[in-house]
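See below for the structure under consideration.
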Amino acid sequence: MKLMDIKKIEGKIKLLTGLHIGGGGNEMHIGGIDNPVVKHPHTMEPYIPGSSLKGKVRSLLEMQSGLIIHTGGSVLSGSTLKKLKNDEDKEKCKAILKIFGSSGADKDDESEFGPTRVSFADCYLNAKWKENADNKRLLLTETKSENSINRIKGTAENPRFIERVPAGAEFDFSLTFKILEESDNVLFNKYLLNGLKLLEMDCLGGSGSRGYGRISFTFEKPKDLNNKFRELNPFQ
């Protein structure tokens, strides 16, 4: 096993609906925001952590694999692989572990899987979009109020204020994928790209069931990936 190539994907993520990836808060103010978004500590601008992308893509691929029934809700691991009897299930589990890595408890299996193949970069606001937003005095975040409705009284209860990055915002996107053996090309084309497509079909961040976090990808490197990605169907 040796490093044969590093594939790189670059492009943009466009928000189709408001995005909330929580950043926590050190203080709570009366009438303030209950759930702020994650922001860069120097610029105070919102960004998309690479860990959020990696975690959601992995989660969707694990759901699609049908193997989460063996994990009790935890991520796939080397111990999961040992429980599997079906060769097809084993292949799926190995593929996900090679792409995204195994846990620290799976050190005995590192020689089999090798280093984690994929690396997601943090996604910062696209410079051109940010310049246009500044010129038009557009806000980089919005505050959305939510509440629950008492079914009997018909009144709003438990108001809360959630910060979101508004629809239309664009972020620079980048990932790298290590090719350590010839079969890794299959992992890149069959699994990783399908995972990105599943993310575009689903949502990123919190409150996806309420319409948050719908995104679309546009790839600039390699450019020919756009047509392939548009036609990609992870369920075929």
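Letters A, B, ... mark the chains of the structure tokens in the order given; residue numbers begin at 1 per chain; ligand numbers begin at 1, in order shown.
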
- Excluding A:Phe219 and residues on its chain fewer than 6 positions from it, collect all residues at most 8 Å away from it, counting only C-alpha atoms, and give them as a list in words.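 Close residues of A:Phe219: Ile9, Glu10, Gly11, Lys12, Leu225 and Asn226 of chain A.
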
Could the residues in this selection be written to a file with N, CA, C and O atoms, as a compact mmCIF listing (two decimals), in the first residue's frame?
```txt
# COMPACT_ATOMS: atom_id res chain seq x y z
N ILE A 9 -11.41 17.60 -5.38
CA ILE A 9 -12.66 18.18 -5.87
C ILE A 9 -12.78 19.58 -5.28
O ILE A 9 -12.66 19.77 -4.06
N GLU A 10 -12.99 20.56 -6.14
CA GLU A 10 -13.20 21.93 -5.69
C GLU A 10 -14.47 22.47 -6.35
O GLU A 10 -14.81 22.10 -7.47
N GLY A 11 -15.14 23.35 -5.66
CA GLY A 11 -16.34 23.95 -6.21
C GLY A 11 -17.03 24.83 -5.19
O GLY A 11 -16.38 25.41 -4.31
N LYS A 12 -18.34 24.91 -5.30
CA LYS A 12 -19.12 25.76 -4.41
C LYS A 12 -20.33 25.01 -3.87
O LYS A 12 -20.88 24.13 -4.54
N LEU A 225 -17.07 16.91 -13.92
CA LEU A 225 -17.80 16.19 -12.88
C LEU A 225 -19.25 16.66 -12.78
O LEU A 225 -20.12 15.90 -12.34
N ASN A 226 -19.54 17.89 -13.22
CA ASN A 226 -20.89 18.43 -13.07
C ASN A 226 -21.93 17.60 -13.81
O ASN A 226 -22.98 17.26 -13.25
```

- Considering only C-alpha atoms, return as a list in words whatever protein or nucleic-acid residues lie within 10 Å of A:Glu146, sequence-local ones (same chain, fewer than 6 positions apart) excluded.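 Counting only the stated atoms, we get Ala156, Glu157, Asn158, Pro159, Arg160, Phe161 and Ile162 of chain A.
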
May I have the residues from that selection written out with N, CA and C atoms, as a PDB file, in the first residue's frame?
```
ATOM      1  N   ALA A 156     -49.613  29.763  20.466  1.00  0.00           N
ATOM      2  CA  ALA A 156     -48.185  29.486  20.335  1.00  0.00           C
ATOM      3  C   ALA A 156     -47.548  29.394  21.717  1.00  0.00           C
ATOM      4  N   GLU A 157     -46.660  28.422  21.878  1.00  0.00           N
ATOM      5  CA  GLU A 157     -45.985  28.230  23.150  1.00  0.00           C
ATOM      6  C   GLU A 157     -44.494  27.973  22.906  1.00  0.00           C
ATOM      7  N   ASN A 158     -43.706  28.142  23.942  1.00  0.00           N
ATOM      8  CA  ASN A 158     -42.270  27.833  23.917  1.00  0.00           C
ATOM      9  C   ASN A 158     -41.538  28.494  22.748  1.00  0.00           C
ATOM     10  N   PRO A 159     -41.592  29.818  22.654  1.00  0.00           N
ATOM     11  CA  PRO A 159     -40.886  30.488  21.553  1.00  0.00           C
ATOM     12  C   PRO A 159     -39.376  30.314  21.670  1.00  0.00           C
ATOM     13  N   ARG A 160     -38.722  30.193  20.528  1.00  0.00           N
ATOM     14  CA  ARG A 160     -37.267  30.079  20.485  1.00  0.00           C
ATOM     15  C   ARG A 160     -36.773  30.794  19.239  1.00  0.00           C
ATOM     16  N   PHE A 161     -35.527  31.237  19.285  1.00  0.00           N
ATOM     17  CA  PHE A 161     -34.958  32.005  18.182  1.00  0.00           C
ATOM     18  C   PHE A 161     -33.703  31.296  17.671  1.00  0.00           C
ATOM     19  N   ILE A 162     -33.733  30.919  16.401  1.00  0.00           N
ATOM     20  CA  ILE A 162     -32.666  30.141  15.792  1.00  0.00           C
ATOM     21  C   ILE A 162     -31.971  30.966  14.716  1.00  0.00           C
TER      22      ILE A 162
END
```

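Proximity of A:Gly154, A:Leu3, A:Phe171, A:Asn194 to A:Glu231, computed with only C-alpha atoms, is greatest for A:Asn194.
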
- strand (DSSP E) residues, from DSSP on the backbone, in stretch 30-235 of chain A, as number ranges by chain: A: 118-120, 142-149, 156-164, 170-179, 215-221

- Message: Given only C-alpha atoms as the basis, pick out the residue of A:Leu139, A:Ile179, A:Glu200, A:Gly66 nearest to A:Glu88.
- Response: A:Gly66

- Item | For A:Glu62: contacts at 8 Å, only C-alpha atoms, fewer than 4 positions along chain excluded, given as a count of residues only | 7

- Message: Using Å and a single decimal, report how far atom CA of A:Ala127 sits from atom CA of A:Lys14.
- Response: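 If I compute the distance from atom CA of A:Lys14 to atom CA of A:Ala127, I get 13.2 Å.
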
- Task: Between atom CA of A:Leu81 and atom CA of A:Met4, measure the distance and give it in Å to one decimal.
- Result: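 Computed distance, atom CA of A:Leu81 to atom CA of A:Met4, equals 26.5 Å.
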
- What gap, in Å, lies between atom CA of A:Ser51 and atom CA of A:Tyr124?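 Value for the atom CA of A:Ser51-atom CA of A:Tyr124 distance: 13.4 Å.
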
- Extract the full set of helix (DSSP H, G or I) residues from stretch 9-164 of chain A according to DSSP on the backbone, and format it as a ChimeraX atom specification. /A:50-65,67-70,78-83,87-100,104-113,127-135

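Using only C-alpha atoms, the smallest distance between any of A:Gln64, A:Ser102, A:Asn35, A:Thr17 and A:Thr116 comes from A:Ser102.
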
- Query: With distances taken over only C-alpha atoms, which of A:Pro115, A:Gly205, A:Gly55, A:Pro46 is nearest to A:Glu170?
  - Reply: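 Among the listed residues, the smallest separation from A:Glu170 belongs to A:Pro46.
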